[in-house]
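Asker: Take this structure, written in structure tokens, and hold onto it; I'll ask about it next.
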Amino acid sequence: MKFDIKRLEILDENGIADESLMPPLEESDLKRIYELMTLSRVFDERALSLQREGRIGTYPSILGQEAAQVGSAFAFEKTDWVFPSFRETGMHITMGYPLHLLFQYWAGDERGMLTPEGLNILPVSVSVGTHIPHAVGAAMAARYRRDRIAVVAYFGDGGTSKGDFHEAFNFAGVFRPPVVFICQNNQWAISVPRERQTAAETLAQKALAYGFEGIQVDGNDIFAVYSAARAALEKARSGGGPTFIECHTYRLSHHTTADDATRYRSREEVEQWKKKDPILRLGLYMEKRGLMPEGYRQDTEERCRAIVDDAVGKAEKAAAPRPDEMFLNTLGELTPRQRREMKELTDADS
Amino acid sequence: MPIRNMVQAINLALTEEMAGDDRVIVLGEDVGKDGGVFRITDGLLGAYGPERVIDTPLAESAIVGTAVGMALYGLRPVAEIQFMGFVYPAIDQIFAHAARIRNRSRGRFSCPLVIRTPYGSGIKAPELHEESTEAFFCHMPGIKVVVPSGPYAAKGLLISAIRDPDPVIFLEPTRLYRLIKEEVPDGEYTIPLGKARLAKKGDDVTVIAWGSMLERVMKAVEPYSADVVDLLTLSPFDMETMLESVRKTGRAVIVHEAPKTCGFGAELAATIAEEAILNLRGPVMRVTGSDVLVPLGKLVDYYLPDIERIRKSIDEVLRY
């Protein structure tokens with residue numbers, strides 16, 4: 001059997017868009033997207049500096065992946081369910097997840113993963129790729145309930161090597177629930193490059209083996225990501241079954257703050273990808289459309305810095321978690337032994 | 001009152017819970033048309049249709065993984081793993097997710113899921129069909145481990161497990177599936193999780209067992225005046241019932257078919273030592289499987305605790 005994998009590209013590195021492929025986005029949408037991508041980057045930069053100052057713990061940067069995250073999440077409805085991995089801060093920000101909670105979480109405060117009511121975002125999955133079956137199960141449940149929603153799972157190129165990726169894809173193909181798989185193929189799983197992760201030419205083609213559509217998009221092209229996500233989500237909500245979107249992007253930073261990427265990849269490679277910066281690209285496009293008035297870029301960055309300052313302040317002012325909080329959500333009702341241990345700890349602490 | 005074996009009792013619990021609650025979904029390998037390899041889910045597909053009785057591809061991790069997703073969405077999935085030895089590919093789902101999502105999400109999401117699986121020796125089946133590794137699951141906070149010892153307990157405990165707000169590993173003693181028949185009523189009754197049952201009352205020794213070993217223990221203790229504590233739930237286990245009995249008799253014998261080292265008996269013995277050592281007249285004895293991999297049929301009877309070994313340990317502790 002022969003097959004072709006479609007690759008969607010709309011906006012090139014010079015900010016020139018193929019208007020025939022442009023998704024329906026108002027000028028206000030473009031500005032909103034630009035602001036969300038900028039906010040994601042400012043958040044990321046702040047997180048890295050907070051980590052260096054010892055004010056948060058290990059943090060995984062999203063630098064360079066803003067289009068893949070903001071572009072996909074911009075297509076979600078609030079009623080959709082999202083199963084993230086651990087590198088989707090841009091998605092959280094786009095969905096309106098409170099920024100101070102994200103800072104709290106990365107600073108080691110589990111209360112940061114208490115998703116506010118009204119959002120259906122699961123806590124980040126530190127375990128690579130093993131959350132993908134959950135999205136399939138939730139989508140099967142949503143269909144059983146006749147809820148017109150889509151369920152999304154995010155993962156990286158490394159995650160596609162895990163057994164659970166394949167088992168989940170197989171179930172998705174067999175049961176055809178309303179699920180959309182979004183891979184941020186950022187070329188590196190810590191030190192292992194994409195071509196050592198799989199011998200397949202694309203990741204998208206793996207969906208074909210499981211009997212559903214796989215598409216590759218330029219993951220640094222906000223319009224391509226948004227367009228593919230929008231189509232896949234609508235297809236899912238209207239009963240058309242699963243889709244796999246491979247966002248071809250690049251991790252410009254280290255794997256996490258605990259990693260040193262200079263040990264395994266060249267400066268030249270990174271420099272090549274910097275030219276493909278997704279925010280730069282959208283900025284060039286908006287300039288051409290006359291949507292970047294004098295000072296807009298700086299104003300946007302300053303506003304984002306103020307939002308981030310505020311979130312950091314709020315996160316750092318939060319009262320420390322009490323020791324009993326490590327027990328309270330273990331089970332719906334604590335065991336007698338847990339109650340005893342909790343009491344001993346609380347008594348010793350007071 | 002109708003007399004039923006454990007297969008019929010578990011089937012009845014599933015049938016009735018599915019009738020009463022449309023959130024209850026059954027999924028697993030061969031659970032639909034085939035009714036399960038032990039026929040536990042027989043008739044459910046016909047009664048509730050393929051949306052609620054789902055024959056899945058052969059992939060244990062995804063069976064549990066999709067069940068986790070369903071539970072997060074608000075359903076009450078009951079996943080069947082064909083044999084306990086085949087749950088190992090799904091342990092990552094159980095330990096890394098099912099057990100942790102309530103905690104990880106600070107209570108926003110929970111995982112009300114039941115994983116049913118036949119466990120234990122004595123049916124002369126191939127390798128990995130006779131495992132008894134319940135202690136693995138007892139070590140992980142965030143999940144419950146339930147082991148019925150007969151048909152009546154199986155039905156009442158399974159109903160409680162399905163209604164429980166947290167993940168429950170439900171271990172069905174394969175050897176007893178059709179061996180014991182007892183009165184099992186139609187309609188709803190529940191046995192609370194975390195509560196043991198005093199299966200026999202006596203004065204001289206406390207014998208603690210669960211699941212597959214209980215039937216053997218009941219025969220072994222016939223000549224003695226023994227309390228028999230049938231734990232029913234291993235995690236969380238009913239410390240009070242066990243300790244009350246041990247404080248009374250001053251002697252404890254623990255019987256399980258899993259290997260001795262780090263078996264659940266170790267936890268019980270340590271708890272007795274911590275809480276009731278001054279009441280003890282002699283050492284806490286453990287009668288267990290050997291520290292070996294479960295042998296195939298030709299040797300399995302040497303591996304499993306038998307009546308003679310149980311009595312030998314009781315006699316030994318009675319000397320004090």
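Chain lettering (A, B, ...) mirrors the order of the structure tokens, residue numbering begins at 1 for each chain separately, and ligand numbering begins at 1 in order of display.
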I need the contact residues of chain B against chain A, so if you could list those with any atom within 6 Å, counting only C-alpha atoms, and return them as a PyMOL selection string, that would help.
Answerer: chain B and resi 62+65-70+73+102-103+105-107+142
Asker: Among segment 122-255 of chain B, which ones does DSSP place in alpha helix (DSSP H), written as a ChimeraX atom specification?
Answerer: /B:134-138,151-163,212-220,239-249
Asker: May I have the selected residues written with N, CA and C atoms, as a short mmCIF file (atom, residue, chain, number, x, y, z; two decimals), in the first residue's frame?
Answerer:
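Saved as part.cif:
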data_model
loop_
_atom_site.label_atom_id
_atom_site.label_comp_id
_atom_site.auth_asym_id
_atom_site.auth_seq_id
_atom_site.Cartn_x
_atom_site.Cartn_y
_atom_site.Cartn_z
N GLU B 134 -1.00 -9.82 45.39
CA GLU B 134 -1.81 -8.75 45.97
C GLU B 134 -0.99 -7.71 46.74
N ALA B 135 0.15 -8.16 47.31
CA ALA B 135 0.93 -7.22 48.13
C ALA B 135 1.48 -6.05 47.31
N PHE B 136 1.77 -6.29 46.00
CA PHE B 136 2.23 -5.18 45.16
C PHE B 136 1.26 -4.00 45.27
N PHE B 137 -0.03 -4.34 45.19
CA PHE B 137 -1.05 -3.31 45.11
C PHE B 137 -1.33 -2.67 46.47
N CYS B 138 -1.11 -3.47 47.52
CA CYS B 138 -1.34 -2.95 48.88
C CYS B 138 -0.30 -1.90 49.25
N PRO B 151 -19.04 -16.77 47.57
CA PRO B 151 -20.05 -16.12 46.72
C PRO B 151 -20.78 -14.96 47.40
N TYR B 152 -21.19 -15.15 48.66
CA TYR B 152 -21.96 -14.09 49.33
C TYR B 152 -21.10 -12.83 49.46
N ALA B 153 -19.87 -13.02 49.92
CA ALA B 153 -18.96 -11.88 50.08
C ALA B 153 -18.66 -11.25 48.73
N ALA B 154 -18.51 -12.08 47.70
CA ALA B 154 -18.14 -11.55 46.37
C ALA B 154 -19.19 -10.58 45.87
N LYS B 155 -20.45 -10.93 46.00
CA LYS B 155 -21.49 -10.03 45.48
C LYS B 155 -21.54 -8.72 46.28
N GLY B 156 -21.59 -8.84 47.59
CA GLY B 156 -21.70 -7.63 48.42
C GLY B 156 -20.49 -6.72 48.31
N LEU B 157 -19.31 -7.33 48.19
CA LEU B 157 -18.09 -6.52 48.06
C LEU B 157 -17.98 -5.87 46.69
N LEU B 158 -18.39 -6.60 45.65
CA LEU B 158 -18.28 -6.02 44.31
C LEU B 158 -19.21 -4.82 44.17
N ILE B 159 -20.40 -4.92 44.74
CA ILE B 159 -21.31 -3.77 44.69
C ILE B 159 -20.67 -2.57 45.40
N SER B 160 -20.09 -2.82 46.57
CA SER B 160 -19.40 -1.73 47.28
C SER B 160 -18.23 -1.18 46.46
N ALA B 161 -17.50 -2.07 45.80
CA ALA B 161 -16.34 -1.64 45.01
C ALA B 161 -16.78 -0.75 43.85
N ILE B 162 -17.86 -1.14 43.18
CA ILE B 162 -18.35 -0.34 42.05
C ILE B 162 -18.80 1.03 42.53
N ARG B 163 -19.39 1.08 43.71
CA ARG B 163 -19.89 2.36 44.22
C ARG B 163 -18.81 3.18 44.91
N SER B 212 -8.56 -17.05 48.48
CA SER B 212 -8.46 -18.46 48.13
C SER B 212 -8.09 -19.35 49.32
N MET B 213 -7.37 -18.81 50.30
CA MET B 213 -6.90 -19.64 51.41
C MET B 213 -7.97 -19.86 52.47
N LEU B 214 -9.02 -19.08 52.44
CA LEU B 214 -9.97 -19.15 53.55
C LEU B 214 -10.64 -20.52 53.63
N GLU B 215 -11.00 -21.04 52.48
CA GLU B 215 -11.68 -22.34 52.43
C GLU B 215 -10.79 -23.42 53.07
N ARG B 216 -9.51 -23.35 52.77
CA ARG B 216 -8.56 -24.32 53.32
C ARG B 216 -8.37 -24.10 54.83
N VAL B 217 -8.31 -22.86 55.23
CA VAL B 217 -8.15 -22.53 56.65
C VAL B 217 -9.35 -23.06 57.45
N MET B 218 -10.55 -22.90 56.91
CA MET B 218 -11.75 -23.33 57.63
C MET B 218 -11.71 -24.84 57.89
N LYS B 219 -11.16 -25.58 56.93
CA LYS B 219 -11.03 -27.03 57.14
C LYS B 219 -9.93 -27.31 58.16
N ALA B 220 -8.84 -26.57 58.04
CA ALA B 220 -7.68 -26.82 58.92
C ALA B 220 -8.01 -26.56 60.38
N MET B 239 -7.66 -3.32 60.80
CA MET B 239 -6.69 -3.54 61.88
C MET B 239 -7.40 -3.90 63.18
N GLU B 240 -8.49 -3.21 63.46
CA GLU B 240 -9.16 -3.36 64.75
C GLU B 240 -9.69 -4.77 64.98
N THR B 241 -10.37 -5.32 63.96
CA THR B 241 -10.93 -6.66 64.11
C THR B 241 -9.81 -7.68 64.34
N MET B 242 -8.73 -7.53 63.58
CA MET B 242 -7.60 -8.45 63.73
C MET B 242 -6.99 -8.32 65.12
N LEU B 243 -6.73 -7.08 65.53
CA LEU B 243 -6.04 -6.88 66.81
C LEU B 243 -6.91 -7.31 67.99
N GLU B 244 -8.19 -7.05 67.89
CA GLU B 244 -9.11 -7.44 68.96
C GLU B 244 -9.05 -8.96 69.19
N SER B 245 -9.03 -9.68 68.06
CA SER B 245 -8.97 -11.14 68.17
C SER B 245 -7.62 -11.60 68.73
N VAL B 246 -6.54 -11.00 68.23
CA VAL B 246 -5.20 -11.42 68.67
C VAL B 246 -5.01 -11.10 70.16
N ARG B 247 -5.56 -9.95 70.58
CA ARG B 247 -5.44 -9.60 72.01
C ARG B 247 -6.17 -10.62 72.87
N LYS B 248 -7.24 -11.16 72.31
CA LYS B 248 -8.02 -12.16 73.05
C LYS B 248 -7.30 -13.51 73.10
N THR B 249 -6.84 -13.98 71.95
CA THR B 249 -6.27 -15.34 71.90
C THR B 249 -4.79 -15.35 72.26
#
Asker: Got a sec: who's within 6 Å of segment 308-320 of chain A, counting only C-alpha atoms, leaving out chain neighbours fewer than 3 positions off, as a list in words?
Answerer: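 In the requested format, the answer is Leu99, His100, Gln104 and Arg305 of chain A.
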Asker: If you run DSSP over the backbone, which residues in segment 88-283 of chain A end up strand (DSSP E)? Put them as a ChimeraX atom specification.
Answerer: /A:151-156,179-185,188-189,192-193,213-218,243-248
Asker: Produce a file of the selected residues containing N, CA and C atoms, as a short mmCIF file (atom, residue, chain, number, x, y, z; two decimals), in the first residue's frame.
Answerer:
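Once written, out.cif looks like this:
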data_model
loop_
_atom_site.label_atom_id
_atom_site.label_comp_id
_atom_site.auth_asym_id
_atom_site.auth_seq_id
_atom_site.Cartn_x
_atom_site.Cartn_y
_atom_site.Cartn_z
N VAL A 151 -12.06 15.53 22.86
CA VAL A 151 -11.06 15.29 23.90
C VAL A 151 -9.69 15.33 23.23
N VAL A 152 -8.75 16.03 23.87
CA VAL A 152 -7.44 16.22 23.26
C VAL A 152 -6.35 15.64 24.15
N ALA A 153 -5.42 14.95 23.56
CA ALA A 153 -4.21 14.53 24.28
C ALA A 153 -3.00 15.18 23.62
N TYR A 154 -2.16 15.78 24.44
CA TYR A 154 -0.88 16.32 23.96
C TYR A 154 0.25 15.38 24.37
N PHE A 155 1.23 15.25 23.53
CA PHE A 155 2.43 14.50 23.90
C PHE A 155 3.55 14.93 22.95
N GLY A 156 4.75 14.42 23.21
CA GLY A 156 5.88 14.81 22.38
C GLY A 156 6.35 13.69 21.47
N VAL A 179 -11.70 12.00 19.65
CA VAL A 179 -10.41 12.34 20.26
C VAL A 179 -9.48 12.94 19.22
N VAL A 180 -8.68 13.91 19.63
CA VAL A 180 -7.67 14.53 18.76
C VAL A 180 -6.32 14.40 19.47
N PHE A 181 -5.38 13.80 18.79
CA PHE A 181 -4.04 13.63 19.35
C PHE A 181 -3.13 14.72 18.77
N ILE A 182 -2.48 15.46 19.63
CA ILE A 182 -1.60 16.53 19.16
C ILE A 182 -0.19 16.26 19.65
N CYS A 183 0.68 15.95 18.70
CA CYS A 183 2.08 15.70 19.04
C CYS A 183 2.88 16.95 18.77
N GLN A 184 3.59 17.41 19.79
CA GLN A 184 4.57 18.46 19.55
C GLN A 184 5.89 17.77 19.28
N ASN A 185 6.13 17.54 18.02
CA ASN A 185 7.39 16.94 17.63
C ASN A 185 8.44 18.05 17.65
N TRP A 188 13.57 16.66 19.80
CA TRP A 188 14.48 16.11 20.81
C TRP A 188 13.70 15.58 22.01
N ALA A 189 13.99 14.35 22.40
CA ALA A 189 13.47 13.79 23.65
C ALA A 189 14.68 13.72 24.58
N VAL A 192 17.84 12.48 22.74
CA VAL A 192 17.66 11.57 21.61
C VAL A 192 16.91 12.29 20.49
N PRO A 193 17.56 12.38 19.33
CA PRO A 193 16.93 13.11 18.22
C PRO A 193 15.78 12.31 17.59
N GLU A 213 -6.92 9.24 10.35
CA GLU A 213 -6.19 10.29 9.66
C GLU A 213 -5.02 10.84 10.47
N GLY A 214 -3.89 10.97 9.83
CA GLY A 214 -2.74 11.64 10.43
C GLY A 214 -2.28 12.74 9.51
N ILE A 215 -1.97 13.89 10.10
CA ILE A 215 -1.54 15.02 9.28
C ILE A 215 -0.34 15.68 9.95
N GLN A 216 0.61 16.14 9.13
CA GLN A 216 1.74 16.89 9.69
C GLN A 216 1.53 18.37 9.37
N VAL A 217 1.80 19.20 10.35
CA VAL A 217 1.72 20.64 10.09
C VAL A 217 3.04 21.28 10.48
N ASP A 218 3.33 22.41 9.84
CA ASP A 218 4.45 23.23 10.29
C ASP A 218 4.06 23.76 11.66
N THR A 243 -8.28 12.01 15.01
CA THR A 243 -7.27 12.58 14.11
C THR A 243 -5.97 12.72 14.89
N PHE A 244 -4.88 12.53 14.18
CA PHE A 244 -3.56 12.75 14.77
C PHE A 244 -2.90 13.92 14.05
N ILE A 245 -2.51 14.93 14.81
CA ILE A 245 -1.82 16.09 14.24
C ILE A 245 -0.38 16.11 14.75
N GLU A 246 0.55 15.98 13.85
CA GLU A 246 1.96 16.11 14.22
C GLU A 246 2.40 17.55 13.95
N CYS A 247 2.71 18.28 15.02
CA CYS A 247 3.21 19.64 14.86
C CYS A 247 4.73 19.58 14.79
N HIS A 248 5.26 19.89 13.63
CA HIS A 248 6.69 19.81 13.39
C HIS A 248 7.32 21.10 13.90
#
Asker: Would you please work out which residue, of A:Tyr97, A:Trp273, A:Phe212, A:Tyr105, is nearest to Tyr59 of chain A when using only C-alpha atoms?
Answerer: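 Closest to Tyr59 of chain A, using only C-alpha atoms: A:Tyr105.
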Asker: For Ser20 of chain A, which of A:Phe223, A:Glu341, A:Ser49, A:Gly90 is the closest residue, counting only C-alpha atoms?
Answerer: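 Closest to Ser20 of chain A of all the choices is A:Phe223.
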Asker: From the set B:Ser121, B:Thr133, B:Thr174, B:Asn279, which residue has the shortest atom-to-atom contact distance to Pro295 of chain B, counting only C-alpha atoms?
Answerer: B:Ser121
Asker: Between atom CA of Tyr224 of chain B and atom CA of Leu198 of chain B, what is the spacing in Å?
Answerer: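 Going from atom CA of Leu198 of chain B over to atom CA of Tyr224 of chain B covers 15.3 Å.
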Asker: Taking only C-alpha atoms into account, name the residue in B:Thr190, B:Ser61, B:Gln93, B:Thr56 that is nearest to Lys33 of chain B.
Answerer: B:Thr56
Asker: Excluding same-chain residues fewer than 3 positions from Thr38 of chain A, what lies within 8 Å of it counting only C-alpha atoms, as number ranges by chain?
Answerer: A: 34-35, 41-42, 279, 300-301, 304
Asker: Do a neighbour search on Ala79 of chain B at 10 Å with only C-alpha atoms, toss out local chain neighbours closer than 4 positions, and write the hits as a short mmCIF file (atom, residue, chain, number, x, y, z; two decimals) with N, CA and C atoms, in the first residue's frame.
Answerer:
data_model
loop_
_atom_site.label_atom_id
_atom_site.label_comp_id
_atom_site.auth_asym_id
_atom_site.auth_seq_id
_atom_site.Cartn_x
_atom_site.Cartn_y
_atom_site.Cartn_z
N ILE B 25 -20.05 0.49 33.30
CA ILE B 25 -19.65 -0.01 31.97
C ILE B 25 -18.69 -1.17 32.22
N VAL B 26 -18.81 -2.23 31.44
CA VAL B 26 -17.88 -3.35 31.57
C VAL B 26 -17.00 -3.39 30.33
N LEU B 27 -15.69 -3.52 30.53
CA LEU B 27 -14.81 -3.65 29.37
C LEU B 27 -13.68 -4.62 29.66
N GLY B 28 -13.17 -5.21 28.61
CA GLY B 28 -12.05 -6.15 28.75
C GLY B 28 -11.99 -7.10 27.56
N GLU B 29 -11.08 -8.05 27.66
CA GLU B 29 -10.90 -9.01 26.57
C GLU B 29 -11.96 -10.11 26.68
N VAL B 31 -15.09 -10.13 27.07
CA VAL B 31 -16.15 -10.00 28.08
C VAL B 31 -17.54 -9.94 27.46
N VAL B 53 -20.97 -2.94 27.27
CA VAL B 53 -20.21 -4.19 27.47
C VAL B 53 -19.25 -4.28 26.29
N ILE B 54 -18.00 -3.89 26.53
CA ILE B 54 -17.09 -3.58 25.43
C ILE B 54 -16.00 -4.64 25.32
N GLU B 60 -3.74 -4.84 27.81
CA GLU B 60 -4.15 -4.60 29.20
C GLU B 60 -3.93 -3.16 29.64
N ILE B 63 -6.71 -1.17 28.33
CA ILE B 63 -7.98 -1.49 28.99
C ILE B 63 -8.08 -0.67 30.27
N VAL B 64 -7.02 -0.70 31.07
CA VAL B 64 -7.06 0.07 32.31
C VAL B 64 -6.96 1.57 31.99
N GLY B 65 -6.13 1.93 31.03
CA GLY B 65 -5.95 3.35 30.68
C GLY B 65 -7.23 3.99 30.17
N THR B 66 -7.95 3.30 29.30
CA THR B 66 -9.22 3.89 28.83
C THR B 66 -10.25 3.89 29.96
N ALA B 67 -10.20 2.87 30.80
CA ALA B 67 -11.12 2.84 31.95
C ALA B 67 -10.84 4.03 32.88
N VAL B 68 -9.57 4.38 33.04
CA VAL B 68 -9.22 5.58 33.83
C VAL B 68 -9.88 6.81 33.20
N LEU B 113 -13.01 3.37 39.66
CA LEU B 113 -12.79 2.32 38.68
C LEU B 113 -12.60 1.00 39.42
N VAL B 114 -13.14 -0.09 38.88
CA VAL B 114 -12.88 -1.41 39.45
C VAL B 114 -12.10 -2.22 38.42
N ILE B 115 -11.02 -2.86 38.88
CA ILE B 115 -10.30 -3.80 38.02
C ILE B 115 -10.50 -5.18 38.62
N ARG B 116 -11.30 -5.98 37.93
CA ARG B 116 -11.55 -7.35 38.38
C ARG B 116 -10.54 -8.28 37.73
N THR B 117 -10.01 -9.21 38.51
CA THR B 117 -9.15 -10.21 37.88
C THR B 117 -9.13 -11.49 38.70
N ILE B 169 -8.92 -2.73 43.23
CA ILE B 169 -8.47 -3.98 42.61
C ILE B 169 -9.30 -5.08 43.24
N PHE B 170 -10.03 -5.81 42.45
CA PHE B 170 -10.95 -6.82 42.97
C PHE B 170 -10.45 -8.19 42.53
#
Asker: Would you mind reading off the distance between atom CA of Pro242 of chain A and atom CA of Arg176 of chain A, one decimal, in Å?
Answerer: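 Taking atom CA of Pro242 of chain A and atom CA of Arg176 of chain A, their separation equals 5.9 Å.
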Asker: Just the residues within 12 Å of Gly54 of chain A, please, counting only C-alpha atoms, with nothing from its chain fewer than 3 positions along; format it as JSON, numbers by chain.
Answerer: {"A": [47, 48, 49, 50, 51, 57, 58, 59, 106, 107, 108, 257]}
Asker: Next, write the just-selected residues to a file, as a compact mmCIF listing (two decimals), in the first residue's frame, keeping C-alpha atoms as the atom set.
Answerer:
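Final output, saved to part_30.txt:
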# COMPACT_ATOMS: atom_id res chain seq x y z
CA ALA A 47 10.03 30.73 34.94
CA LEU A 48 13.60 30.14 33.78
CA SER A 49 14.91 33.09 35.77
CA LEU A 50 12.90 32.12 38.85
CA GLN A 51 14.41 28.66 38.64
CA GLY A 57 12.02 23.94 40.94
CA THR A 58 12.77 22.10 37.71
CA TYR A 59 10.87 23.66 34.81
CA TRP A 106 6.46 24.37 39.34
CA ALA A 107 7.53 25.70 42.72
CA GLY A 108 6.49 22.37 44.27
CA THR A 257 16.28 23.53 33.70
